[in-house]
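**Student:** Provided below: protein-v8.txt, containing compact mmCIF, C-alpha atoms and all ligand atoms.
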# COMPACT_ATOMS: atom_id res chain seq x y z
CA MET A 1 42.58 41.31 -19.43
CA ARG A 2 39.50 42.53 -21.25
CA SER A 3 36.51 43.31 -19.04
CA THR A 4 33.02 44.31 -20.10
CA THR A 5 32.97 47.95 -21.01
CA LYS A 6 30.18 50.00 -19.54
CA LYS A 7 28.82 52.67 -21.86
CA TYR A 8 27.35 55.48 -19.79
CA LYS A 9 24.25 57.37 -20.88
CA ASN A 10 23.13 60.58 -19.21
CA GLU A 11 25.63 60.32 -16.35
CA PHE A 12 27.87 63.21 -15.39
CA PHE A 13 30.49 64.36 -12.91
CA ALA A 14 30.91 67.95 -11.72
CA SER A 15 34.20 68.90 -10.03
CA CYS A 16 34.65 71.64 -7.43
CA PRO A 17 37.15 72.81 -4.78
CA THR A 18 37.36 70.26 -1.95
CA GLY A 19 35.01 71.29 0.85
CA LEU A 20 32.28 72.73 -1.39
CA GLU A 21 30.72 69.44 -2.52
CA ALA A 22 27.46 69.84 -0.55
CA LEU A 23 26.91 73.34 -1.96
CA LEU A 24 27.51 72.04 -5.47
CA GLU A 25 25.09 69.16 -4.93
CA THR A 26 22.32 71.62 -3.92
CA GLU A 27 22.98 73.76 -7.01
CA LEU A 28 22.97 70.76 -9.37
CA LYS A 29 19.63 69.53 -7.98
CA GLU A 30 18.16 72.96 -8.78
CA PHE A 31 19.31 72.49 -12.39
CA GLY A 32 17.54 69.12 -12.59
CA ALA A 33 20.25 66.65 -11.54
CA LYS A 34 19.00 63.34 -10.13
CA GLU A 35 20.62 60.55 -8.08
CA THR A 36 23.45 62.84 -6.94
CA GLU A 37 26.38 61.33 -5.04
CA THR A 38 29.10 63.49 -3.51
CA THR A 39 32.72 62.42 -3.44
CA LYS A 40 35.89 64.33 -2.48
CA GLY A 41 36.20 67.14 -5.02
CA GLY A 42 32.91 66.72 -6.84
CA VAL A 43 29.45 65.30 -7.40
CA HIS A 44 28.29 62.42 -9.62
CA PHE A 45 24.80 62.85 -11.05
CA LYS A 46 22.32 61.55 -13.58
CA SER A 47 20.22 63.81 -15.78
CA TYR A 48 19.35 64.71 -19.31
CA PRO A 49 22.23 66.67 -20.87
CA GLU A 50 20.11 69.84 -20.51
CA ALA A 51 20.77 69.90 -16.73
CA ALA A 52 24.53 69.55 -17.26
CA ILE A 53 24.46 72.39 -19.80
CA LYS A 54 22.43 74.51 -17.38
CA GLY A 55 25.19 73.82 -14.86
CA ILE A 56 27.80 75.14 -17.31
CA LEU A 57 25.83 78.37 -17.78
CA TYR A 58 24.73 78.92 -14.18
CA SER A 59 26.81 77.02 -11.64
CA THR A 60 28.74 79.27 -9.27
CA ILE A 61 30.48 76.39 -7.45
CA ALA A 62 31.49 73.86 -10.13
CA SER A 63 34.95 73.97 -11.69
CA ARG A 64 34.03 71.74 -14.65
CA ILE A 65 31.30 69.35 -15.75
CA TYR A 66 32.18 66.08 -17.44
CA LYS A 67 30.01 63.65 -19.37
CA LYS A 68 30.81 60.10 -18.34
CA ALA A 69 31.54 58.00 -21.44
CA PHE A 70 32.99 54.55 -20.62
CA GLY A 71 34.03 52.42 -17.69
CA PHE A 72 35.95 49.15 -17.35
CA GLU A 73 38.18 47.24 -14.93
CA ILE A 74 41.92 46.69 -15.28
CA LYS A 75 44.61 44.66 -13.54
CA ASN A 76 47.59 46.26 -15.27
CA GLU A 77 48.39 49.27 -17.47
CA LYS A 78 48.14 47.37 -20.76
CA ASP A 79 44.52 46.46 -19.97
CA ILE A 80 43.63 50.10 -20.66
CA TYR A 81 44.84 49.62 -24.23
CA TYR A 82 43.01 46.32 -24.75
CA ASN A 83 39.71 47.61 -23.38
CA ALA A 84 39.84 51.06 -24.99
CA LYS A 85 40.71 49.58 -28.41
CA GLU A 86 37.32 47.81 -28.41
CA ILE A 87 35.52 51.17 -28.30
CA LYS A 88 34.31 52.63 -31.61
CA TRP A 89 35.98 56.01 -31.19
CA LYS A 90 34.89 57.31 -34.57
CA GLY A 91 31.35 57.44 -33.18
CA ILE A 92 32.56 59.60 -30.30
CA PHE A 93 34.55 62.19 -32.27
CA ASP A 94 35.68 62.87 -35.81
CA LEU A 95 39.03 62.25 -37.43
CA GLU A 96 39.40 65.99 -38.11
CA GLN A 97 38.96 66.81 -34.41
CA THR A 98 41.95 67.02 -32.07
CA PHE A 99 42.06 65.36 -28.66
CA LYS A 100 43.88 65.42 -25.36
CA ILE A 101 44.03 62.99 -22.43
CA SER A 102 44.45 63.86 -18.75
CA VAL A 103 44.76 61.23 -16.04
CA ILE A 104 43.76 61.33 -12.37
CA GLN A 105 44.76 58.42 -10.15
CA GLY A 106 42.51 58.45 -7.12
CA LYS A 107 41.68 56.60 -3.94
CA SER A 108 39.04 53.91 -3.46
CA LYS A 109 35.53 55.05 -2.38
CA GLN A 110 36.17 54.50 1.35
CA GLY A 111 39.68 55.91 0.99
CA THR A 112 41.37 52.65 2.11
CA LYS A 113 43.49 52.23 -1.04
CA ARG A 114 45.34 54.43 -3.48
CA SER A 115 45.81 53.58 -7.18
CA LYS A 116 48.84 51.26 -7.43
CA PHE A 117 50.16 52.40 -10.82
CA GLU A 118 53.35 54.42 -10.73
CA ASN A 119 53.24 56.48 -13.89
CA SER A 120 50.04 58.29 -14.82
CA MET A 121 51.56 59.47 -18.11
CA PHE A 122 52.08 55.84 -19.12
CA LEU A 123 48.40 55.15 -18.34
CA GLY A 124 47.44 58.08 -20.58
CA HIS A 125 49.63 56.72 -23.41
CA GLN A 126 47.71 53.43 -23.32
CA LEU A 127 44.46 55.26 -23.96
CA LYS A 128 45.96 57.54 -26.60
CA ASP A 129 47.47 54.56 -28.50
CA ALA A 130 44.19 52.63 -28.31
CA ILE A 131 42.26 55.60 -29.75
CA ALA A 132 44.83 56.13 -32.53
CA ASP A 133 45.04 52.41 -33.43
CA ARG A 134 41.27 51.94 -33.45
CA PHE A 135 40.81 54.98 -35.72
CA ARG A 136 43.53 53.64 -38.05
CA GLU A 137 41.78 50.26 -38.23
CA ASP A 138 38.44 51.88 -39.02
CA THR A 139 39.52 54.80 -41.26
CA LYS A 140 43.21 54.23 -42.14
CA GLU A 141 44.03 57.53 -40.42
CA ARG A 142 44.30 58.82 -36.86
CA PRO A 143 43.24 62.08 -35.18
CA TYR A 144 45.90 64.44 -33.81
CA VAL A 145 46.65 65.32 -30.22
CA ASP A 146 46.44 69.02 -29.25
CA LYS A 147 47.46 69.66 -25.65
CA VAL A 148 46.47 73.35 -25.67
CA LEU A 149 43.13 73.75 -27.45
CA PRO A 150 41.77 70.28 -28.18
CA ASP A 151 38.27 69.69 -29.56
CA MET A 152 37.87 66.68 -27.23
CA SER A 153 39.44 66.61 -23.81
CA PHE A 154 39.22 63.21 -22.13
CA LEU A 155 39.74 62.74 -18.43
CA MET A 156 40.63 59.19 -17.39
CA ARG A 157 40.11 58.42 -13.70
CA VAL A 158 41.82 55.31 -12.36
CA GLU A 159 40.62 54.19 -8.92
CA PRO A 160 41.04 50.97 -6.93
CA ASN A 161 38.18 49.35 -5.00
CA ASP A 162 38.18 48.88 -1.24
CA ASN A 163 38.44 45.08 -1.29
CA PRO A 164 41.91 44.41 0.27
CA HIS A 165 42.33 41.22 -1.81
CA SER A 166 41.46 42.78 -5.17
CA GLN A 167 44.18 43.85 -7.61
CA LYS A 168 41.63 45.39 -9.94
CA GLU A 169 41.13 49.10 -10.55
CA GLU A 170 38.20 50.91 -12.09
CA VAL A 171 38.81 53.10 -15.14
CA THR A 172 36.30 55.79 -16.06
CA ILE A 173 36.68 57.84 -19.21
CA LEU A 174 34.96 61.22 -19.06
CA ILE A 175 34.56 64.00 -21.62
CA ASP A 176 35.14 67.58 -20.44
CA MET A 177 32.05 69.46 -21.59
CA CYS A 178 33.40 72.89 -20.59
CA GLY A 179 36.62 73.68 -22.42
CA VAL A 180 36.97 76.92 -20.44
CA ALA A 181 36.45 76.15 -16.73
CA ILE A 182 33.15 77.35 -15.26
CA SER A 183 35.18 78.98 -12.50
CA ASN A 184 36.81 81.20 -15.12
CA ARG A 185 34.05 83.79 -15.32
CA GLY A 186 36.04 86.09 -17.63
CA TYR A 187 36.46 89.09 -15.30
CA ARG A 188 40.16 88.46 -14.59
CA VAL A 189 41.42 90.67 -17.37
CA LYS A 190 44.36 92.00 -15.36
CA SER A 191 46.13 89.61 -13.05
CA PHE A 192 46.95 89.92 -9.38
CA SER A 193 49.45 87.83 -7.43
CA ALA A 194 47.27 85.72 -5.12
CA PRO A 195 43.65 85.83 -6.21
CA LEU A 196 41.16 83.24 -5.03
CA ARG A 197 39.51 81.05 -7.62
CA GLU A 198 36.13 82.54 -8.41
CA ASN A 199 34.15 79.44 -7.41
CA LEU A 200 36.07 79.06 -4.14
CA ALA A 201 35.30 82.71 -3.27
CA ASN A 202 31.64 82.16 -4.15
CA GLY A 203 31.48 79.02 -1.99
CA ILE A 204 33.08 80.85 0.96
CA LEU A 205 30.44 83.60 0.71
CA ARG A 206 27.68 80.99 0.72
CA LEU A 207 29.24 79.13 3.68
CA ALA A 208 29.27 82.52 5.43
CA GLY A 209 25.51 82.69 4.89
CA TYR A 210 25.65 85.58 2.42
CA ASP A 211 22.44 85.67 0.40
CA GLY A 212 22.54 89.24 -0.91
CA SER A 213 20.35 90.72 1.81
CA GLN A 214 23.14 91.63 4.26
CA THR A 215 25.85 94.33 4.27
CA LEU A 216 29.04 92.68 3.07
CA VAL A 217 32.53 93.96 3.88
CA ASP A 218 35.66 92.42 2.32
CA GLY A 219 38.43 93.84 4.51
CA MET A 220 41.30 92.83 2.18
CA CYS A 221 39.77 92.71 -1.27
CA GLY A 222 42.90 92.37 -3.46
CA SER A 223 41.68 91.98 -7.04
CA GLY A 224 38.05 91.97 -5.88
CA THR A 225 37.02 88.32 -6.23
CA PHE A 226 34.69 88.29 -3.20
CA LEU A 227 33.17 91.58 -4.35
CA ALA A 228 32.42 90.29 -7.85
CA GLU A 229 31.04 86.98 -6.56
CA ALA A 230 28.89 88.79 -3.98
CA ALA A 231 27.44 90.84 -6.85
CA LEU A 232 26.62 87.61 -8.74
CA ILE A 233 24.83 86.27 -5.65
CA LYS A 234 23.02 89.50 -4.76
CA TRP A 235 21.71 90.31 -8.22
CA LYS A 236 21.36 86.67 -9.36
CA ILE A 237 23.67 87.18 -12.33
CA PRO A 238 24.39 83.92 -14.23
CA SER A 239 28.03 82.88 -13.83
CA SER A 240 28.50 82.67 -17.64
CA TYR A 241 27.28 86.22 -18.31
CA ILE A 242 30.59 87.67 -19.54
CA HIS A 243 31.07 84.89 -22.12
CA LEU A 244 27.48 85.41 -23.28
CA GLN A 245 27.89 89.19 -23.43
CA ASN A 246 31.11 88.89 -25.47
CA HIS A 247 29.28 86.52 -27.81
CA LYS A 248 26.33 88.87 -28.25
CA GLU A 249 28.23 92.16 -28.45
CA TYR A 250 31.47 91.22 -30.22
CA GLY A 251 30.49 88.00 -31.99
CA ASP A 252 33.05 85.98 -29.97
CA ASP A 253 32.59 82.21 -30.18
CA LEU A 254 31.02 80.72 -27.07
CA PRO A 255 33.88 78.97 -25.29
CA TRP A 256 32.23 75.68 -24.27
CA ALA A 257 33.62 72.44 -25.62
CA PHE A 258 30.29 70.58 -25.74
CA LEU A 259 29.16 72.78 -28.65
CA LYS A 260 31.52 70.79 -30.91
CA HIS A 261 30.85 67.34 -29.50
CA ASN A 262 28.93 64.70 -31.48
CA TYR A 263 26.43 63.91 -28.70
CA TYR A 264 25.44 67.60 -28.94
CA THR A 265 25.74 68.47 -32.64
CA LYS A 266 23.80 65.34 -33.68
CA ASP A 267 20.93 65.91 -31.23
CA LYS A 268 18.47 68.37 -32.81
CA TYR A 269 16.32 68.76 -29.67
CA LEU A 270 19.25 69.27 -27.37
CA LYS A 271 20.61 71.95 -29.73
CA GLU A 272 17.26 73.71 -29.90
CA ASN A 273 16.81 73.59 -26.13
CA THR A 274 20.34 74.88 -25.57
CA GLU A 275 19.94 77.74 -28.03
CA LYS A 276 16.76 78.75 -26.17
CA LEU A 277 18.55 78.48 -22.83
CA ILE A 278 21.39 80.67 -24.10
CA GLN A 279 18.99 83.40 -25.29
CA GLU A 280 17.06 83.23 -22.00
CA THR A 281 20.32 83.45 -20.00
CA ILE A 282 21.42 86.52 -21.99
CA LYS A 283 18.11 88.23 -21.10
CA ILE A 284 18.38 87.26 -17.41
CA SER A 285 21.95 88.65 -17.34
CA GLU A 286 20.96 91.95 -18.95
CA THR A 287 18.05 92.49 -16.56
CA ALA A 288 20.20 91.59 -13.54
CA LEU A 289 23.00 93.96 -14.57
CA SER A 290 20.54 96.82 -15.00
CA ASN A 291 19.53 96.44 -11.32
CA LEU A 292 22.96 97.08 -9.74
CA LYS A 293 23.03 99.67 -6.95
CA PRO A 294 25.89 100.66 -4.64
CA GLY A 295 25.66 100.75 -0.86
CA SER A 296 25.80 97.20 0.45
CA ILE A 297 29.02 95.56 -0.83
CA PHE A 298 32.27 97.18 0.38
CA GLY A 299 35.92 96.35 -0.24
CA TYR A 300 39.10 97.70 1.39
CA ASP A 301 42.78 97.26 0.60
CA THR A 302 45.97 99.16 1.39
CA ASP A 303 47.64 98.39 -1.93
CA ASN A 304 46.86 100.85 -4.72
CA GLY A 305 48.11 98.38 -7.33
CA ALA A 306 45.58 95.78 -6.14
CA LEU A 307 42.78 98.37 -6.09
CA ASP A 308 43.63 99.50 -9.66
CA ILE A 309 43.38 95.90 -10.82
CA ALA A 310 40.10 95.41 -8.93
CA SER A 311 38.68 98.60 -10.39
CA TYR A 312 39.72 97.70 -13.96
CA ASN A 313 38.45 94.11 -13.80
CA LEU A 314 35.16 95.01 -12.13
CA GLU A 315 34.53 97.76 -14.65
CA VAL A 316 35.16 95.40 -17.57
CA ALA A 317 32.81 92.97 -15.84
CA GLY A 318 30.11 95.66 -15.70
CA LEU A 319 29.82 95.25 -11.91
CA GLU A 320 31.54 98.40 -10.68
CA SER A 321 28.37 100.41 -10.16
CA GLY A 322 27.16 97.88 -7.55
CA LEU A 323 30.35 97.92 -5.47
CA THR A 324 32.26 100.38 -3.27
CA PHE A 325 35.97 100.00 -2.64
CA GLU A 326 38.52 102.21 -0.94
CA ASN A 327 42.16 102.41 0.00
CA GLU A 328 41.98 102.07 3.76
CA ASP A 329 43.71 99.95 6.39
CA ILE A 330 41.04 97.52 7.61
CA THR A 331 42.51 97.52 11.11
CA GLN A 332 41.45 101.20 11.29
CA VAL A 333 38.00 101.09 9.64
CA THR A 334 35.30 102.07 12.14
CA LYS A 335 32.20 103.01 10.17
CA PHE A 336 30.22 99.76 10.34
CA ASP A 337 28.02 99.39 13.40
CA ASP A 338 24.83 97.96 12.01
CA GLY A 339 25.65 94.30 11.54
CA GLY A 340 26.42 92.28 8.43
CA ILE A 341 28.99 89.83 7.12
CA PHE A 342 32.71 90.59 7.27
CA ILE A 343 35.02 88.52 5.14
CA ALA A 344 38.77 88.63 4.56
CA ASN A 345 41.46 86.54 2.95
CA PRO A 346 44.53 88.12 4.59
CA PRO A 347 48.07 87.56 3.32
CA TYR A 348 49.32 84.33 4.90
CA GLY A 349 52.98 83.93 4.18
CA GLU A 350 52.62 81.14 1.62
CA ARG A 351 52.50 83.57 -1.25
CA LEU A 352 52.35 87.12 0.18
CA GLY A 353 53.93 88.92 3.17
CA GLU A 354 55.95 87.33 5.97
CA GLY A 355 56.85 87.11 9.66
CA ASP A 356 56.14 89.44 12.57
CA ASP A 357 54.30 91.98 10.41
CA LEU A 358 51.74 89.32 9.58
CA GLU A 359 51.33 88.32 13.24
CA ARG A 360 50.63 91.95 14.08
CA LEU A 361 48.23 92.29 11.13
CA TYR A 362 46.12 89.29 12.24
CA TYR A 363 46.14 90.48 15.86
CA GLU A 364 45.10 94.04 14.95
CA LEU A 365 42.45 92.80 12.55
CA GLY A 366 40.92 90.75 15.39
CA GLU A 367 41.01 93.74 17.74
CA ASN A 368 39.28 96.01 15.23
CA LEU A 369 36.62 93.40 14.54
CA LYS A 370 36.01 93.11 18.29
CA ASN A 371 35.75 96.89 18.80
CA ASN A 372 34.16 98.20 15.61
CA PHE A 373 32.15 95.49 13.85
CA LYS A 374 29.29 95.00 16.30
CA ASN A 375 26.68 92.41 15.33
CA PHE A 376 28.75 91.20 12.38
CA ASN A 377 29.51 87.58 11.61
CA ALA A 378 33.17 87.66 10.59
CA TYR A 379 34.91 85.05 8.43
CA ILE A 380 38.65 84.81 7.94
CA PHE A 381 39.96 82.52 5.21
CA THR A 382 43.62 81.56 5.52
CA GLY A 383 46.07 78.75 4.86
CA ASN A 384 48.16 79.69 7.89
CA MET A 385 46.75 78.19 11.13
CA PRO A 386 49.38 79.70 13.53
CA LEU A 387 48.55 83.19 12.20
CA LEU A 388 44.85 82.56 12.72
CA LYS A 389 45.60 81.99 16.43
CA LYS A 390 46.80 85.62 16.65
CA ILE A 391 43.18 86.71 16.36
CA SER A 392 42.02 86.85 19.96
CA LEU A 393 38.36 86.16 19.35
CA ARG A 394 36.41 83.01 20.11
CA THR A 395 35.99 80.90 16.96
CA SER A 396 32.43 79.66 16.65
CA LYS A 397 33.12 77.38 13.68
CA LYS A 398 36.02 76.24 11.49
CA THR A 399 35.59 74.74 8.04
CA ILE A 400 38.39 72.98 6.16
CA LEU A 401 38.66 74.04 2.52
CA TYR A 402 41.35 73.60 -0.09
CA ASN A 403 42.75 76.59 -1.94
CA GLY A 404 44.28 74.63 -4.85
CA ASN A 405 46.36 72.15 -2.86
CA ILE A 406 46.81 74.39 0.20
CA GLU A 407 44.76 73.11 3.14
CA SER A 408 43.02 76.19 4.52
CA ARG A 409 40.52 77.20 7.19
CA LEU A 410 37.43 79.37 7.10
CA ALA A 411 37.09 80.60 10.69
CA GLU A 412 33.82 82.10 11.91
CA TYR A 413 33.54 84.68 14.70
CA LYS A 414 30.23 86.00 16.02
CA LEU A 415 30.67 89.59 17.16
CA PHE A 416 28.39 91.25 19.70
C1 LIG A 501 45.63 87.27 -0.24
S1 LIG A 501 45.33 88.89 -0.82
C2 LIG A 501 43.58 88.91 -1.06
C3 LIG A 501 43.23 88.30 -2.38
C4 LIG A 501 41.76 88.48 -2.76
N1 LIG A 501 40.88 87.67 -1.92
C5 LIG A 501 41.55 88.16 -4.24
O1 LIG A 501 40.90 87.16 -4.56
O2 LIG A 501 42.10 88.88 -5.08
C6 LIG A 501 45.50 89.85 0.63
C7 LIG A 501 45.30 91.35 0.44
O3 LIG A 501 45.31 91.97 1.72
C8 LIG A 501 45.77 93.30 1.52
N2 LIG A 501 46.13 93.90 2.84
C9 LIG A 501 47.22 93.62 3.60
N3 LIG A 501 47.15 94.35 4.76
C10 LIG A 501 46.01 95.06 4.73
C11 LIG A 501 45.38 95.98 5.63
N4 LIG A 501 45.91 96.27 6.80
N5 LIG A 501 44.18 96.52 5.26
C12 LIG A 501 43.61 96.21 4.07
N6 LIG A 501 44.17 95.35 3.17
C13 LIG A 501 45.34 94.78 3.49
C14 LIG A 501 46.93 93.11 0.56
O4 LIG A 501 47.22 94.32 -0.10
C15 LIG A 501 46.36 92.05 -0.41
O5 LIG A 501 45.77 92.65 -1.52
Please go through the file and, once you have read it, give me the structure as structure tokens.
**Tutor:**
Amino acid sequence: MRSTTKKYKNEFFASCPTGLEALLETELKEFGAKETETTKGGVHFKSYPEAAIKGILYSTIASRIYKKAFGFEIKNEKDIYYNAKEIKWKGIFDLEQTFKISVIQGKSKQGTKRSKFENSMFLGHQLKDAIADRFREDTKERPYVDKVLPDMSFLMRVEPNDNPHSQKEEVTILIDMCGVAISNRGYRVKSFSAPLRENLANGILRLAGYDGSQTLVDGMCGSGTFLAEAALIKWKIPSSYIHLQNHKEYGDDLPWAFLKHNYYTKDKYLKENTEKLIQETIKISETALSNLKPGSIFGYDTDNGALDIASYNLEVAGLESGLTFENEDITQVTKFDDGGIFIANPPYGERLGEGDDLERLYYELGENLKNNFKNFNAYIFTGNMPLLKKISLRTSKKTILYNGNIESRLAEYKLF
């Protein structure tokens, strides 16, 4: 079956950790996004490409931003081939450029149906063959696939509609504008065993109401993700600042995929506007970094290895002078009595620590919060609900968030 192919213009999709969609929508509107629509795991929006590019440089919540390219309906797998072969791919990218295809099979809008196709790899092959065959027809040659560092990374979403009688599914082909994920700020030089994704940590801080004006304590800082993200919020440092700094100081290429894409390279005004935006963002980053002061963002951990990693990464990131971190057991810390925001992502058995020790740790953490963190709002982020119950404080709010595919809770406690 060949359906009419929709060619999108100035329509985008930004992905984010599930649970942070509303925060992402607010950010995107600030960058100039219009007609936003949230869906599980992201936000659809319309805008000039400038707003999407601003998102890549500034968003703290998005994982990636995609430019929507084409959409059509299918009844079976082969329909992907027939429809995609009608598209003039040589206008979208060049023969010399490499490409990659990822496939996501989703649910219908209302969540009543799941995509019926069994093999997402087979769906991807249909698109890959259509692109190769169409190029061969038009140029006698085909572009190569590169699964690691492609010039063009296509995401194909395949989603059914909610009509119970319909066999049709909607295919949307999107172009990843980012290359390197926005959530990958560039401060994870040394790795730690269970770090939070940077954008998830940032979203948790915002859900906790942190706006940079309060004292912030991360009781179990590990590699320091909350500390770094709190610094970005407090001093309004653009999320892309490390990539920009490396570009300015060491001549590194900027990592974003859109810089090589035809819709960008062939648009003189968009290029000029983006070059201006990049220069402006470098200046904003430099001014923000020169304002760092210690005394309001604190981190604790009992593991010297974790603290060494935090110290190294935060120094490379140029954030160390704004942060204070110490080797101390958070169940014993007593020096905060003036109110603020307490945050912790304790070990929860899935990846770190186990058993009775953890039950005791959660219990003692709760007791210390009760006794020594007066007037704080405390937030515990964990994927282990039974352990959370060991904290004998009244929960004032619980938010469901996904840490990768682990369903987790952000529990709020108001301490008096
Ligand atoms: C899940 S990790 C935190 C990861 C961190 N959010 C990040 O993004 O890197 C939990 C941390 O709690 C620390 N920890 C365990 N017991 C502690 C205690 N009593 N006081 C302070 N830190 C503790 C561990 O050493 C570990 O680094």
**Student:** Within 7 Å of ligand LIG 501 (chain A), counting all atoms listed in the file, which protein or nucleic acid residues do you find, written as a PyMOL selection string?
**Tutor:** chain A and resi 192+194-197+219-226+300-303+306+328-331+344-348+352+361
**Student:** Which residue gives the smallest distance to Phe373 of chain A among A:Glu280, A:Asp357, A:Glu35, A:Asp337, with only C-alpha atoms counted?
**Tutor:**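 Among A:Glu280, A:Asp357, A:Glu35, A:Asp337, it is A:Asp337 that comes nearest to Phe373 of chain A.
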**Student:** Applying 8 Å and all atoms listed in the file, which residues near Thr324 of chain A remain after dropping the ones on its own chain fewer than 2 positions away? List them as a PyMOL selection string.
**Tutor:** chain A and resi 294-295+297-299+320-322+326
**Student:** Could you save those same residues with C-alpha atoms as a PDB file, keeping the file's coordinate frame?
**Tutor:**
ATOM      1  CA  PRO A 294      25.890 100.660  -4.640  1.00  0.00           C
ATOM      2  CA  GLY A 295      25.660 100.750  -0.860  1.00  0.00           C
ATOM      3  CA  ILE A 297      29.020  95.560  -0.830  1.00  0.00           C
ATOM      4  CA  PHE A 298      32.270  97.180   0.380  1.00  0.00           C
ATOM      5  CA  GLY A 299      35.920  96.350  -0.240  1.00  0.00           C
ATOM      6  CA  GLU A 320      31.540  98.400 -10.680  1.00  0.00           C
ATOM      7  CA  SER A 321      28.370 100.410 -10.160  1.00  0.00           C
ATOM      8  CA  GLY A 322      27.160  97.880  -7.550  1.00  0.00           C
ATOM      9  CA  GLU A 326      38.520 102.210  -0.940  1.00  0.00           C
TER      10      GLU A 326
END
**Student:** To one decimal place in Å, what is the distance between atom CA of Gly212 of chain A and atom CA of Ala230 of chain A?
**Tutor:** 7.1 Å
**Student:** Find the spatial neighbours of segment 199-203 of chain A, counting all atoms listed in the file, within a cut-off of 9 Å - ignore same-chain residues fewer than 6 positions away - and output them as number ranges by chain.
**Tutor:** A: 16-17, 19-20, 23-24, 59-63, 182-184, 225-226, 228-230, 232-233, 401-403
**Student:** List the residues sitting within 10 Å of (31.6, 85.8, -17.9) in the file's frame, using all atoms listed in the file, as a ChimeraX atom specification.
**Tutor:** /A:57,182-188,237-246,317
**Student:** In terms of the shortest atom-to-atom distance over all atoms listed in the file, which of A:Leu307, A:Ile343, A:Leu388, A:Leu149 is closest to Tyr210 of chain A?
**Tutor:**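 Smallest separation from Tyr210 of chain A among the options: A:Ile343.
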**Student:** Would you mind reading off the distance between atom CA of Gln332 of chain A and atom CA of Glu407 of chain A, one decimal, in Å?
**Tutor:**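 Atom-to-atom, atom CA of Gln332 of chain A to atom CA of Glu407 of chain A, that is 29.4 Å.
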**Student:** How many Å lie between atom CA of Asp356 of chain A and atom CA of Lys390 of chain A, rounded to one decimal?
**Tutor:**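 Atom CA of Asp356 of chain A sits 10.9 Å away from atom CA of Lys390 of chain A.
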**Student:** What's around Gln97 of chain A at 12 Å? Count only C-alpha atoms, leave out sequence neighbours fewer than 5 positions away in its own chain, and write the answer as a list in words.
**Tutor:**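 With the cut-off at 12 Å, the set is Trp89, Lys90, Ile92, Arg142, Pro143, Tyr144, Val145, Asp146, Leu149, Pro150, Asp151, Met152, Ser153, Ala257, Lys260, His261 and Asn262 of chain A.
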**Student:** Please return as a VMD selection string every residue within 10 Å of (34.3, 66.5, -9.7), taking into account all atoms listed in the file and the file's own coordinates.
**Tutor:** chain A and resid 12 to 18 21 24 38 to 44 62 to 66
**Student:** If I wrap all listed atoms of segment 160-175 of chain A in a box with edges along x, y and z and add 6 Å on each side, what are its centre and edge lengths in Å to one decimal, as JSON?
**Tutor:**
{"center_x": 39.4, "center_y": 52.6, "center_z": -10.7, "size_x": 21.6, "size_y": 34.8, "size_z": 33.9}
**Student:** Quick one: everything within 12 Å of segment 396-399 of chain A, counting all atoms listed in the file, minus sequence neighbours fewer than 3 positions away in the same chain. Send it as a short mmCIF file (atom, residue, chain, number, x, y, z; two decimals) with C-alpha atoms, in the coordinates of the input.
**Tutor:**
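After the write, around-v9.cif holds the following:
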data_model
loop_
_atom_site.label_atom_id
_atom_site.label_comp_id
_atom_site.auth_asym_id
_atom_site.auth_seq_id
_atom_site.Cartn_x
_atom_site.Cartn_y
_atom_site.Cartn_z
CA THR A 18 37.36 70.26 -1.95
CA GLY A 19 35.01 71.29 0.85
CA LEU A 20 32.28 72.73 -1.39
CA GLY A 203 31.48 79.02 -1.99
CA ILE A 204 33.08 80.85 0.96
CA LEU A 207 29.24 79.13 3.68
CA ALA A 208 29.27 82.52 5.43
CA ASN A 377 29.51 87.58 11.61
CA ALA A 378 33.17 87.66 10.59
CA TYR A 379 34.91 85.05 8.43
CA ILE A 380 38.65 84.81 7.94
CA PHE A 381 39.96 82.52 5.21
CA THR A 382 43.62 81.56 5.52
CA GLY A 383 46.07 78.75 4.86
CA MET A 385 46.75 78.19 11.13
CA LEU A 388 44.85 82.56 12.72
CA LEU A 393 38.36 86.16 19.35
CA TYR A 402 41.35 73.60 -0.09
CA GLU A 407 44.76 73.11 3.14
CA SER A 408 43.02 76.19 4.52
CA ARG A 409 40.52 77.20 7.19
CA LEU A 410 37.43 79.37 7.10
CA ALA A 411 37.09 80.60 10.69
CA GLU A 412 33.82 82.10 11.91
CA TYR A 413 33.54 84.68 14.70
CA LYS A 414 30.23 86.00 16.02
CA LEU A 415 30.67 89.59 17.16
#
**Student:** Residues at most 10 Å from Lys190 of chain A, counting all atoms listed in the file, excluding those fewer than 3 positions away in the same chain, as number ranges by chain?
**Tutor:** A: 187, 223, 308-310, 312-313
**Student:** For a quick check of understanding, using all atoms listed in the file, which of A:Glu198, A:Glu359, A:Glu272, A:Glu286 has the smallest distance to Gly404 of chain A?
**Tutor:** A:Glu198
**Student:** Looking at only C-alpha atoms, which of A:Tyr48, A:Phe342, A:Phe154, A:Tyr362 is the one that sits closest to Thr274 of chain A?
**Tutor:** A:Tyr48
